[in-house]
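Pasted below: coords.csv, CSV, C-alpha atoms.
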chain,number,residue,atom,x,y,z
A,1,MET,CA,5.4,-31.2,-18.4
A,2,SER,CA,8.2,-32.5,-16.3
A,3,ILE,CA,11.5,-30.7,-15.7
A,4,HIS,CA,14.4,-30.9,-13.3
A,5,LEU,CA,15.5,-28.1,-11.0
A,6,SER,CA,18.7,-28.3,-9.1
A,7,ALA,CA,19.4,-26.3,-5.9
A,8,ALA,CA,21.3,-23.8,-8.1
A,9,ASP,CA,18.2,-23.4,-10.3
A,10,TRP,CA,16.0,-22.6,-7.3
A,11,LEU,CA,18.5,-20.0,-6.2
A,12,ASP,CA,18.6,-18.6,-9.7
A,13,LEU,CA,14.8,-18.4,-9.7
A,14,PHE,CA,14.8,-16.6,-6.3
A,15,VAL,CA,17.6,-14.1,-7.3
A,16,ARG,CA,15.8,-13.4,-10.6
A,17,TYR,CA,12.7,-12.4,-8.8
A,18,LEU,CA,14.7,-10.4,-6.3
A,19,SER,CA,16.1,-8.3,-9.2
A,20,LEU,CA,12.7,-8.0,-10.9
A,21,SER,CA,11.2,-6.7,-7.7
A,22,LEU,CA,12.8,-3.2,-7.9
A,23,LEU,CA,11.8,-2.8,-11.6
A,24,ALA,CA,8.1,-3.3,-10.8
A,25,VAL,CA,7.3,0.4,-10.7
A,26,GLY,CA,3.6,1.0,-11.4
A,27,GLY,CA,2.6,-2.6,-10.6
A,28,ALA,CA,4.1,-6.1,-10.9
A,29,ILE,CA,2.3,-6.8,-14.2
A,30,GLY,CA,4.8,-4.5,-15.9
A,31,THR,CA,7.5,-7.1,-15.3
A,32,ALA,CA,5.5,-9.9,-16.9
A,33,PRO,CA,7.3,-9.7,-20.2
A,34,ALA,CA,10.7,-10.1,-18.5
A,35,MET,CA,9.3,-13.1,-16.6
A,36,HIS,CA,8.0,-14.6,-19.8
A,37,ARG,CA,11.5,-14.4,-21.4
A,38,TYR,CA,13.1,-16.0,-18.3
A,39,LEU,CA,10.6,-18.7,-17.5
A,40,VAL,CA,9.2,-19.7,-20.9
A,41,ILE,CA,11.9,-18.9,-23.5
A,42,ASP,CA,15.3,-19.0,-21.7
A,43,ARG,CA,14.8,-21.7,-19.0
A,44,GLN,CA,11.7,-23.5,-20.4
A,45,TRP,CA,10.4,-24.1,-17.0
A,46,LEU,CA,6.8,-23.1,-17.9
A,47,THR,CA,4.8,-23.8,-21.0
A,48,GLU,CA,3.2,-20.9,-22.9
A,49,PRO,CA,-0.4,-21.8,-21.7
A,50,GLN,CA,0.8,-22.2,-18.1
A,51,PHE,CA,2.3,-18.7,-18.2
A,52,GLY,CA,-0.9,-17.2,-19.7
A,53,SER,CA,-3.3,-19.0,-17.3
A,54,SER,CA,-1.2,-17.9,-14.3
A,55,ILE,CA,-1.9,-14.3,-15.2
A,56,ALA,CA,-5.6,-14.9,-16.2
A,57,LEU,CA,-6.4,-16.9,-13.0
A,58,ALA,CA,-4.8,-14.3,-10.7
A,59,GLN,CA,-6.8,-11.6,-12.5
A,60,ALA,CA,-10.0,-13.5,-12.1
A,61,ALA,CA,-9.5,-14.6,-8.5
A,62,PRO,CA,-10.0,-12.2,-5.6
A,63,GLY,CA,-6.9,-10.4,-4.2
A,64,PRO,CA,-4.1,-8.3,-5.5
A,65,ASN,CA,-3.1,-9.1,-9.1
A,66,VAL,CA,0.5,-9.7,-7.9
A,67,LEU,CA,-0.6,-13.2,-7.0
A,68,PHE,CA,0.1,-14.2,-10.6
A,69,VAL,CA,3.7,-14.3,-9.4
A,70,ALA,CA,2.9,-17.0,-6.8
A,71,LEU,CA,1.0,-18.9,-9.5
A,72,MET,CA,4.0,-18.9,-11.8
A,73,GLY,CA,6.2,-20.2,-9.0
A,74,TRP,CA,3.5,-22.8,-8.2
A,75,ASN,CA,3.5,-24.1,-11.8
A,76,VAL,CA,7.3,-24.2,-12.0
A,77,GLY,CA,7.4,-26.3,-8.8
A,78,LEU,CA,4.6,-28.5,-10.0
A,79,ASN,CA,6.5,-29.1,-13.3
A,80,ALA,CA,9.7,-29.8,-11.3
A,81,GLY,CA,7.8,-32.4,-9.2
A,82,GLY,CA,6.5,-34.3,-12.2
A,83,GLY,CA,3.1,-32.6,-12.6
A,84,PRO,CA,-0.1,-33.1,-10.6
A,85,ALA,CA,-0.1,-36.8,-11.3
A,86,ALA,CA,3.0,-37.2,-9.2
A,87,GLY,CA,1.0,-36.4,-6.0
A,88,TRP,CA,2.1,-34.8,-2.8
A,89,ARG,CA,5.8,-34.3,-3.8
A,90,ALA,CA,4.7,-32.2,-6.8
A,91,TYR,CA,2.5,-30.1,-4.6
A,92,ALA,CA,5.2,-29.6,-2.0
A,93,LEU,CA,7.5,-28.4,-4.7
A,94,ALA,CA,4.7,-26.2,-6.0
A,95,LEU,CA,4.4,-24.6,-2.6
A,96,LEU,CA,8.1,-24.1,-2.5
A,97,GLY,CA,8.0,-22.5,-6.0
A,98,ALA,CA,5.1,-20.1,-5.0
A,99,GLY,CA,7.0,-19.1,-1.8
A,100,THR,CA,10.2,-18.5,-3.7
A,101,THR,CA,8.8,-16.3,-6.4
A,102,MET,CA,6.5,-14.3,-4.0
A,103,LEU,CA,9.3,-13.7,-1.4
A,104,GLY,CA,11.7,-12.7,-4.2
A,105,MET,CA,9.1,-10.3,-5.7
A,106,LEU,CA,8.1,-8.7,-2.4
A,107,LEU,CA,11.3,-8.5,-0.3
A,108,PRO,CA,13.4,-5.8,-2.0
A,109,SER,CA,10.4,-3.6,-3.0
A,110,GLY,CA,8.8,-4.0,0.4
A,111,VAL,CA,11.9,-3.0,2.3
A,112,LEU,CA,12.5,0.0,0.1
A,113,THR,CA,8.9,1.2,0.1
A,114,TYR,CA,8.7,0.7,3.9
A,115,THR,CA,11.8,2.8,4.5
A,116,ALA,CA,11.0,5.5,1.9
A,117,THR,CA,7.4,6.0,3.0
A,118,ARG,CA,8.4,6.2,6.7
A,119,TRP,CA,10.8,8.9,5.8
A,120,ALA,CA,8.2,10.7,3.7
A,121,HIS,CA,5.6,10.5,6.5
A,122,ARG,CA,8.1,11.8,9.1
A,123,ASN,CA,8.9,14.7,6.8
A,124,ARG,CA,5.4,15.3,5.5
A,125,THR,CA,5.4,19.0,6.3
A,126,ARG,CA,8.5,19.6,4.2
A,127,ARG,CA,7.8,21.6,1.1
A,128,SER,CA,9.4,19.1,-1.2
A,129,VAL,CA,7.3,16.2,0.2
A,130,ARG,CA,4.1,18.2,0.0
A,131,ALA,CA,5.0,19.2,-3.6
A,132,PHE,CA,5.6,15.6,-4.6
A,133,LYS,CA,2.3,14.4,-3.2
A,134,ALA,CA,0.3,17.4,-4.6
A,135,GLY,CA,2.0,17.2,-8.0
A,136,MET,CA,1.5,13.4,-8.4
A,137,ALA,CA,-2.1,13.4,-7.3
A,138,PRO,CA,-3.7,14.5,-10.6
A,139,ILE,CA,-1.3,12.2,-12.5
A,140,VAL,CA,-2.2,9.1,-10.5
A,141,ILE,CA,-5.9,9.9,-10.9
A,142,GLY,CA,-5.3,10.2,-14.6
A,143,LEU,CA,-3.6,6.8,-14.5
A,144,LEU,CA,-6.6,5.2,-12.8
A,145,LEU,CA,-8.9,6.5,-15.6
A,146,VAL,CA,-6.5,5.2,-18.2
A,147,THR,CA,-6.3,1.8,-16.6
A,148,GLY,CA,-10.1,1.6,-16.5
A,149,TRP,CA,-10.2,2.7,-20.1
A,150,LEU,CA,-7.6,0.2,-21.3
A,151,LEU,CA,-9.5,-2.6,-19.5
A,152,THR,CA,-12.6,-1.6,-21.4
A,153,GLY,CA,-10.9,-1.1,-24.7
A,154,ALA,CA,-9.3,-4.5,-24.8
A,155,HIS,CA,-12.0,-5.6,-27.2
A,156,ASP,CA,-12.0,-4.8,-30.8
A,157,GLN,CA,-15.3,-5.8,-32.3
A,158,PRO,CA,-18.0,-3.2,-31.6
A,159,ALA,CA,-20.9,-5.4,-32.5
A,160,ARG,CA,-19.9,-8.1,-30.1
A,161,ASP,CA,-18.4,-5.9,-27.4
A,162,ALA,CA,-21.2,-3.3,-27.1
A,163,PRO,CA,-22.9,-5.1,-24.2
A,164,LEU,CA,-19.6,-5.3,-22.4
A,165,TRP,CA,-19.1,-1.6,-22.8
A,166,LEU,CA,-22.6,-1.0,-21.6
A,167,LEU,CA,-21.9,-3.1,-18.5
A,168,THR,CA,-18.7,-1.2,-17.8
A,169,ALA,CA,-20.6,2.2,-18.2
A,170,ALA,CA,-23.4,1.0,-16.0
A,171,THR,CA,-21.0,-0.2,-13.3
A,172,THR,CA,-19.1,3.1,-13.4
A,173,LEU,CA,-22.3,5.0,-12.9
A,174,VAL,CA,-23.5,2.8,-10.0
A,175,VAL,CA,-20.2,2.8,-8.1
A,176,TRP,CA,-19.7,6.5,-8.6
A,177,ARG,CA,-23.2,7.6,-7.6
A,178,THR,CA,-24.5,4.9,-5.1
A,179,ARG,CA,-23.1,2.9,-2.2
A,180,LEU,CA,-24.3,-0.5,-3.4
A,181,HIS,CA,-21.9,-3.2,-2.2
A,182,LEU,CA,-19.3,-3.9,-4.9
A,183,LEU,CA,-19.8,-7.7,-4.6
A,184,TRP,CA,-23.3,-7.4,-6.0
A,185,LEU,CA,-21.8,-5.8,-9.1
A,186,ILE,CA,-19.1,-8.5,-9.5
A,187,GLY,CA,-21.8,-11.1,-9.1
A,188,ALA,CA,-24.1,-9.5,-11.6
A,189,GLY,CA,-21.2,-9.3,-14.1
A,190,ALA,CA,-20.3,-13.0,-13.6
A,191,LEU,CA,-24.0,-14.0,-14.0
A,192,LEU,CA,-24.6,-11.9,-17.1
A,193,GLY,CA,-21.4,-13.4,-18.6
A,194,ALA,CA,-22.1,-17.0,-17.7
A,195,LEU,CA,-25.6,-16.7,-19.2
A,196,GLY,CA,-24.0,-15.4,-22.4
A,197,TRP,CA,-25.7,-12.0,-22.3
A,198,VAL,CA,-22.5,-9.9,-22.5
B,199,MET,CA,-0.4,14.7,14.9
B,200,PRO,CA,-1.5,16.3,11.6
B,201,ALA,CA,-3.6,19.4,11.6
B,202,PRO,CA,-7.3,18.8,12.3
B,203,THR,CA,-8.3,19.6,8.7
B,204,ASP,CA,-6.6,16.4,7.4
B,205,ALA,CA,-7.3,14.0,10.3
B,206,ALA,CA,-9.4,11.0,9.4
B,207,PRO,CA,-12.1,10.2,11.9
B,208,GLY,CA,-11.5,6.4,12.0
B,209,ALA,CA,-8.5,4.2,12.8
B,210,PRO,CA,-7.8,0.5,13.1
B,211,ARG,CA,-8.3,-0.8,16.6
B,212,SER,CA,-5.5,-3.3,16.6
B,213,ARG,CA,-3.1,-5.3,14.5
B,214,ALA,CA,-5.8,-8.0,14.3
B,215,ASP,CA,-8.2,-5.5,13.0
B,216,LEU,CA,-5.7,-4.5,10.3
B,217,PHE,CA,-5.2,-8.1,9.3
B,218,TRP,CA,-8.8,-9.0,9.0
B,219,SER,CA,-9.8,-5.7,7.4
B,220,PHE,CA,-7.2,-6.1,4.7
B,221,SER,CA,-8.1,-9.8,4.3
B,222,TRP,CA,-11.7,-8.9,3.8
B,223,LEU,CA,-10.8,-6.1,1.4
B,224,ALA,CA,-8.5,-8.4,-0.7
B,225,LEU,CA,-11.1,-11.2,-0.8
B,226,GLN,CA,-13.6,-8.8,-2.3
B,227,GLY,CA,-11.2,-7.5,-4.9
B,228,PHE,CA,-12.0,-9.3,-8.2
B,229,GLY,CA,-9.9,-7.8,-11.0
B,230,GLY,CA,-8.0,-5.5,-8.6
B,231,VAL,CA,-8.3,-4.4,-5.0
B,232,LEU,CA,-8.0,-0.6,-5.4
B,233,ALA,CA,-11.7,0.2,-5.8
B,234,VAL,CA,-12.5,-1.9,-2.7
B,235,VAL,CA,-9.8,-0.2,-0.7
B,236,GLN,CA,-11.2,3.2,-1.6
B,237,ARG,CA,-14.8,2.2,-0.8
B,238,GLU,CA,-14.0,0.4,2.5
B,239,LEU,CA,-11.2,2.5,4.0
B,240,VAL,CA,-12.3,6.0,2.9
B,241,GLU,CA,-16.1,5.7,2.6
B,242,ARG,CA,-17.0,3.1,5.3
B,243,LYS,CA,-14.2,2.8,7.9
B,244,ARG,CA,-12.9,6.3,7.4
B,245,TRP,CA,-9.3,5.4,8.2
B,246,LEU,CA,-8.3,7.9,5.5
B,247,THR,CA,-9.8,11.0,4.1
B,248,ARG,CA,-10.2,11.1,0.3
B,249,GLU,CA,-7.3,13.6,0.1
B,250,GLN,CA,-5.0,11.4,2.2
B,251,PHE,CA,-6.0,8.4,0.1
B,252,VAL,CA,-4.9,10.2,-3.1
B,253,GLU,CA,-1.6,11.2,-1.5
B,254,ASP,CA,-0.8,7.8,-0.2
B,255,TRP,CA,-1.8,6.2,-3.5
B,256,ALA,CA,0.6,8.5,-5.3
B,257,VAL,CA,3.4,7.4,-3.1
B,258,ALA,CA,2.4,3.7,-3.4
B,259,GLN,CA,2.3,4.0,-7.2
B,260,ILE,CA,5.7,5.6,-7.5
B,261,MET,CA,7.5,3.0,-5.4
B,262,PRO,CA,8.4,-0.3,-6.8
B,263,GLY,CA,6.2,-3.2,-5.9
B,264,PRO,CA,2.5,-4.0,-6.2
B,265,ASN,CA,0.6,-0.8,-5.5
B,266,VAL,CA,-2.1,-2.1,-3.2
B,267,VAL,CA,0.5,-4.1,-1.3
B,268,ASN,CA,2.6,-0.9,-0.8
B,269,LEU,CA,-0.5,1.0,0.3
B,270,SER,CA,-1.5,-1.7,2.9
B,271,MET,CA,2.0,-1.5,4.4
B,272,MET,CA,1.9,2.3,4.6
B,273,ILE,CA,-1.4,2.3,6.4
B,274,GLY,CA,-0.4,-0.5,8.8
B,275,ASP,CA,2.9,1.2,9.6
B,276,ARG,CA,1.2,4.6,10.3
B,277,HIS,CA,-1.0,3.1,13.1
B,278,PHE,CA,1.2,0.3,14.6
B,279,GLY,CA,4.7,0.6,13.2
B,280,LEU,CA,6.5,-2.3,11.6
B,281,SER,CA,4.2,-4.9,13.1
B,282,GLY,CA,1.2,-3.0,11.8
B,283,ALA,CA,2.8,-3.0,8.3
B,284,ILE,CA,3.4,-6.7,8.5
B,285,ALA,CA,-0.2,-7.4,9.8
B,286,ALA,CA,-1.7,-5.4,6.9
B,287,LEU,CA,0.6,-7.0,4.4
B,288,ALA,CA,-0.2,-10.5,5.7
B,289,GLY,CA,-3.9,-9.7,5.5
B,290,MET,CA,-3.6,-8.5,1.9
B,291,LEU,CA,-1.7,-11.7,0.8
B,292,ALA,CA,-2.4,-14.7,3.1
B,293,LEU,CA,-6.0,-15.7,2.5
B,294,PRO,CA,-6.0,-14.5,-1.2
B,295,SER,CA,-2.9,-16.6,-1.9
B,296,LEU,CA,-4.6,-19.6,-0.4
B,297,VAL,CA,-7.7,-19.0,-2.5
B,298,VAL,CA,-5.7,-18.6,-5.8
B,299,LEU,CA,-3.6,-21.7,-5.1
B,300,LEU,CA,-6.6,-23.8,-4.3
B,301,LEU,CA,-8.2,-22.5,-7.5
B,302,ALA,CA,-5.1,-23.4,-9.5
B,303,ALA,CA,-4.9,-26.9,-7.9
B,304,GLY,CA,-8.6,-27.8,-8.0
B,305,PHE,CA,-10.5,-25.8,-10.6
B,306,ALA,CA,-8.2,-25.2,-13.5
B,307,SER,CA,-10.1,-27.6,-15.7
B,308,VAL,CA,-13.4,-25.7,-15.1
B,309,ALA,CA,-11.9,-22.5,-16.4
B,310,ASP,CA,-12.1,-23.7,-20.0
B,311,THR,CA,-15.9,-24.1,-20.1
B,312,PRO,CA,-17.8,-21.4,-22.0
B,313,GLN,CA,-19.8,-20.4,-18.9
B,314,ALA,CA,-16.6,-19.8,-16.9
B,315,GLN,CA,-15.1,-17.8,-19.8
B,316,GLY,CA,-18.3,-15.8,-20.1
B,317,ALA,CA,-18.4,-15.1,-16.3
B,318,LEU,CA,-14.7,-13.9,-16.5
B,319,ARG,CA,-15.6,-11.6,-19.4
B,320,GLY,CA,-18.5,-10.1,-17.4
B,321,MET,CA,-16.4,-9.7,-14.3
B,322,GLY,CA,-13.7,-8.0,-16.3
B,323,ALA,CA,-16.1,-5.5,-17.7
B,324,VAL,CA,-17.3,-4.8,-14.1
B,325,ALA,CA,-13.8,-4.5,-12.9
B,326,ALA,CA,-13.1,-1.8,-15.5
B,327,GLY,CA,-16.1,0.1,-14.3
B,328,LEU,CA,-15.0,-0.1,-10.7
B,329,ILE,CA,-11.6,1.4,-11.5
B,330,LEU,CA,-13.1,4.2,-13.7
B,331,ALA,CA,-15.6,5.1,-10.9
B,332,THR,CA,-12.8,5.2,-8.4
B,333,GLY,CA,-10.9,7.6,-10.6
B,334,LEU,CA,-13.9,9.8,-11.0
B,335,LYS,CA,-14.6,9.9,-7.3
B,336,LEU,CA,-11.0,10.9,-6.5
B,337,ILE,CA,-11.2,13.9,-8.8
B,338,GLY,CA,-13.1,15.6,-5.9
B,339,ALA,CA,-9.9,15.3,-3.8
B,340,LEU,CA,-8.1,17.7,-6.2
B,341,ARG,CA,-10.1,20.6,-4.8
B,342,ALA,CA,-7.6,21.1,-2.0
B,343,ASN,CA,-4.6,20.8,-4.3
B,344,PRO,CA,-2.2,23.9,-4.1
B,345,MET,CA,-2.0,23.9,-7.9
B,346,GLY,CA,-5.6,24.7,-8.2
B,347,ARG,CA,-8.4,22.7,-9.6
B,348,ALA,CA,-8.1,23.7,-13.2
B,349,ALA,CA,-4.4,22.9,-13.5
B,350,CYS,CA,-5.1,19.5,-11.8
B,351,LEU,CA,-7.9,18.6,-14.2
B,352,GLY,CA,-5.6,19.6,-17.1
B,353,LEU,CA,-2.8,17.4,-15.8
B,354,ALA,CA,-5.1,14.4,-15.3
B,355,ALA,CA,-6.5,14.9,-18.8
B,356,LEU,CA,-3.0,15.1,-20.2
B,357,THR,CA,-2.0,11.9,-18.5
B,358,VAL,CA,-5.0,10.1,-20.0
B,359,VAL,CA,-4.2,11.4,-23.5
B,360,ALA,CA,-0.5,10.6,-23.2
B,361,MET,CA,-1.1,7.0,-22.2
B,362,ALA,CA,-4.3,6.1,-24.0
B,363,VAL,CA,-3.9,8.1,-27.3
B,364,PHE,CA,-0.1,8.5,-27.7
B,365,LYS,CA,0.7,5.2,-25.9
B,366,LEU,CA,3.6,6.8,-24.0
B,367,SER,CA,5.2,4.5,-21.4
B,368,LEU,CA,4.5,4.8,-17.7
B,369,ALA,CA,8.1,5.8,-17.1
B,370,VAL,CA,7.9,8.7,-19.5
B,371,VAL,CA,4.5,9.9,-18.2
B,372,LEU,CA,5.7,9.7,-14.5
B,373,GLY,CA,9.0,11.3,-15.3
B,374,VAL,CA,7.9,14.2,-17.6
B,375,LEU,CA,4.3,15.0,-16.6
B,376,GLY,CA,4.8,13.8,-13.0
B,377,GLY,CA,8.1,15.6,-12.6
B,378,GLY,CA,6.8,18.8,-14.1
B,379,ALA,CA,3.7,18.7,-11.9
B,380,CYS,CA,5.8,18.3,-8.8
B,381,LEU,CA,7.9,21.3,-9.7
B,382,TRP,CA,4.8,23.3,-10.4
B,383,ALA,CA,3.3,22.2,-7.1
B,384,TRP,CA,6.6,23.2,-5.3
B,385,ARG,CA,6.3,26.7,-6.8
B,386,CYS,CA,2.6,27.0,-5.9
B,387,LEU,CA,3.3,25.9,-2.3
B,388,GLY,CA,5.8,28.7,-1.9
B,389,ARG,CA,3.4,31.4,-2.9
B,390,PRO,CA,1.3,33.3,-0.4
B,391,PRO,CA,-1.4,32.8,0.7
B,392,ALA,CA,-0.8,29.3,2.1
B,393,PRO,CA,-3.2,26.8,0.6
B,394,ASP,CA,-4.8,26.1,4.0
B,395,GLN,CA,-5.9,29.8,4.3
B,396,LYS,CA,-7.5,30.3,0.9
B,397,PRO,CA,-10.5,32.6,1.1
B,398,PRO,CA,-13.8,30.7,0.5
B,399,SER,CA,-14.8,31.1,-3.1
Render the structure in this file as structure tokens.
Amino acid sequence: MSIHLSAADWLDLFVRYLSLSLLAVGGAIGTAPAMHRYLVIDRQWLTEPQFGSSIALAQAAPGPNVLFVALMGWNVGLNAGGGPAAGWRAYALALLGAGTTMLGMLLPSGVLTYTATRWAHRNRTRRSVRAFKAGMAPIVIGLLLVTGWLLTGAHDQPARDAPLWLLTAATTLVVWRTRLHLLWLIGAGALLGALGWV
Amino acid sequence: MPAPTDAAPGAPRSRADLFWSFSWLALQGFGGVLAVVQRELVERKRWLTREQFVEDWAVAQIMPGPNVVNLSMMIGDRHFGLSGAIAALAGMLALPSLVVLLLAAGFASVADTPQAQGALRGMGAVAAGLILATGLKLIGALRANPMGRAACLGLAALTVVAMAVFKLSLAVVLGVLGGGACLWAWRCLGRPPAPDQKPPS
């Protein structure tokens, strides 16, 4: 796929991510539908498979899942440079794209979070700040359990998915009750999957 | 300084320590970094107590932006100010970005093989288990909560039901359940005896 991006388009990309940043409450992935509308449908800078694989690759790779934002920018830049076949120029634009989307995504939320959490920490003995933290604690623990559950329940065929559920349950038990290094578990999951056992 | 009851025994030695610690955390985080943060910073390095971790996580979650990125900035700032926040943020993002972009540039074609797909499925199932176990471990941190353990467990359960069964949106859950819980906690905090002086049960 090859597209052309003018300077105004790059600016538009940056500004769009700046505005999405403050909407990313509860994680950047919540803004993925808005990014899809902008990048794939409205501007047609990314193909559908490029969009999907950006999210999938960032989930599979180590690091915060927000890196899917960098991958989307990377792919937009790559397309603007004429695709991987166009060589170093395409990769330079891909880097520019990754930097543009990541900076846009992190700048406003980062500044706001930094300022707000400093204030909260300075005022941590106030009743309102203590009430906020105490009140939110059980809610965020519930949210963690839901997230784990939703990741498990993404499968809909019990016969085929039972081994996966078993693997999730076994992992939960091991992490909860032992101090085994987490990388062993990740490795075991990858191996079982590659061998086709789960 | 905070009261001795909520002081964590460990602390990062320097900004470089922050950078490399968060780099190492992030590079271990397949399918999400939170479980690794809990294991490394609370259980191994002891930069945070379990209770502090839950409180910080609540704030990181409610602010816009990626949660673990918010959390890294908060921890970095607390020890070394703005430069600490930047060191922790850079640690969380620099090397992982490099890895993911190299993967995108070099190995995208491998990702379609059945072995790679299978490995991703397996790692996804493990990642779900890591997050579930982190949630289960943090339940212990609710013991010190001024609302009392039973009310906390009820609120956590309600959150699970609201999201998983009734499919309510995060905004509704945070606004209604979270807002209600904060008001209730505010009331409980105003009641004698102060939560720090509860008689041993």
* Return the neighbours of chain B among the residues of chain A, cut-off 6 Å, counting only C-alpha atoms, as a PyMOL selection string. => chain A and resi 22+24-28+59-64+109+113+131-142+144-146+148+151-152+164+168+171-172+175-176+186+189-190+193-194
Can you spit out the residues from that selection as a JSON list (two decimals), keeping the file's coordinate frame, using C-alpha atoms?
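Saved to selection.json:
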[["chain", "number", "residue", "atom", "x", "y", "z"],
["A", 22, "LEU", "CA", 12.80, -3.20, -7.90],
["A", 24, "ALA", "CA", 8.10, -3.30, -10.80],
["A", 25, "VAL", "CA", 7.30, 0.40, -10.70],
["A", 26, "GLY", "CA", 3.60, 1.00, -11.40],
["A", 27, "GLY", "CA", 2.60, -2.60, -10.60],
["A", 28, "ALA", "CA", 4.10, -6.10, -10.90],
["A", 59, "GLN", "CA", -6.80, -11.60, -12.50],
["A", 60, "ALA", "CA", -10.00, -13.50, -12.10],
["A", 61, "ALA", "CA", -9.50, -14.60, -8.50],
["A", 62, "PRO", "CA", -10.00, -12.20, -5.60],
["A", 63, "GLY", "CA", -6.90, -10.40, -4.20],
["A", 64, "PRO", "CA", -4.10, -8.30, -5.50],
["A", 109, "SER", "CA", 10.40, -3.60, -3.00],
["A", 113, "THR", "CA", 8.90, 1.20, 0.10],
["A", 131, "ALA", "CA", 5.00, 19.20, -3.60],
["A", 132, "PHE", "CA", 5.60, 15.60, -4.60],
["A", 133, "LYS", "CA", 2.30, 14.40, -3.20],
["A", 134, "ALA", "CA", 0.30, 17.40, -4.60],
["A", 135, "GLY", "CA", 2.00, 17.20, -8.00],
["A", 136, "MET", "CA", 1.50, 13.40, -8.40],
["A", 137, "ALA", "CA", -2.10, 13.40, -7.30],
["A", 138, "PRO", "CA", -3.70, 14.50, -10.60],
["A", 139, "ILE", "CA", -1.30, 12.20, -12.50],
["A", 140, "VAL", "CA", -2.20, 9.10, -10.50],
["A", 141, "ILE", "CA", -5.90, 9.90, -10.90],
["A", 142, "GLY", "CA", -5.30, 10.20, -14.60],
["A", 144, "LEU", "CA", -6.60, 5.20, -12.80],
["A", 145, "LEU", "CA", -8.90, 6.50, -15.60],
["A", 146, "VAL", "CA", -6.50, 5.20, -18.20],
["A", 148, "GLY", "CA", -10.10, 1.60, -16.50],
["A", 151, "LEU", "CA", -9.50, -2.60, -19.50],
["A", 152, "THR", "CA", -12.60, -1.60, -21.40],
["A", 164, "LEU", "CA", -19.60, -5.30, -22.40],
["A", 168, "THR", "CA", -18.70, -1.20, -17.80],
["A", 171, "THR", "CA", -21.00, -0.20, -13.30],
["A", 172, "THR", "CA", -19.10, 3.10, -13.40],
["A", 175, "VAL", "CA", -20.20, 2.80, -8.10],
["A", 176, "TRP", "CA", -19.70, 6.50, -8.60],
["A", 186, "ILE", "CA", -19.10, -8.50, -9.50],
["A", 189, "GLY", "CA", -21.20, -9.30, -14.10],
["A", 190, "ALA", "CA", -20.30, -13.00, -13.60],
["A", 193, "GLY", "CA", -21.40, -13.40, -18.60],
["A", 194, "ALA", "CA", -22.10, -17.00, -17.70]]
Near Trp10 of chain A, within 12 Å and counting all atoms listed in the file, which residues show up once chain neighbours fewer than 6 positions away are dropped, as a compact mmCIF listing (two decimals) with C-alpha atoms, keeping the file's coordinate frame?
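Saved as selection25.txt:
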# COMPACT_ATOMS: atom_id res chain seq x y z
CA HIS A 4 14.40 -30.90 -13.30
CA ARG A 16 15.80 -13.40 -10.60
CA TYR A 17 12.70 -12.40 -8.80
CA ARG A 43 14.80 -21.70 -19.00
CA TRP A 45 10.40 -24.10 -17.00
CA GLY A 73 6.20 -20.20 -9.00
CA VAL A 76 7.30 -24.20 -12.00
CA GLY A 77 7.40 -26.30 -8.80
CA ALA A 80 9.70 -29.80 -11.30
CA LEU A 93 7.50 -28.40 -4.70
CA ALA A 94 4.70 -26.20 -6.00
CA LEU A 96 8.10 -24.10 -2.50
CA GLY A 97 8.00 -22.50 -6.00
CA ALA A 98 5.10 -20.10 -5.00
CA GLY A 99 7.00 -19.10 -1.80
CA THR A 100 10.20 -18.50 -3.70
CA THR A 101 8.80 -16.30 -6.40
CA GLY A 104 11.70 -12.70 -4.20
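Across the model, the gap from atom CA of Ser281 of chain B to atom CA of Thr117 of chain A is 15.2 Å.
Taking atom CA of Leu67 of chain A and atom CA of Ile55 of chain A as the two end points, the separation is 8.4 Å.
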For Gly83 of chain A, the closest of A:Thr115, A:Ser128, A:Gln50, A:Gln157 counting all atoms listed in the file is A:Gln50
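Separating atom CA of Leu300 of chain B from atom CA of Ala288 of chain B is a distance of 17.8 Å.
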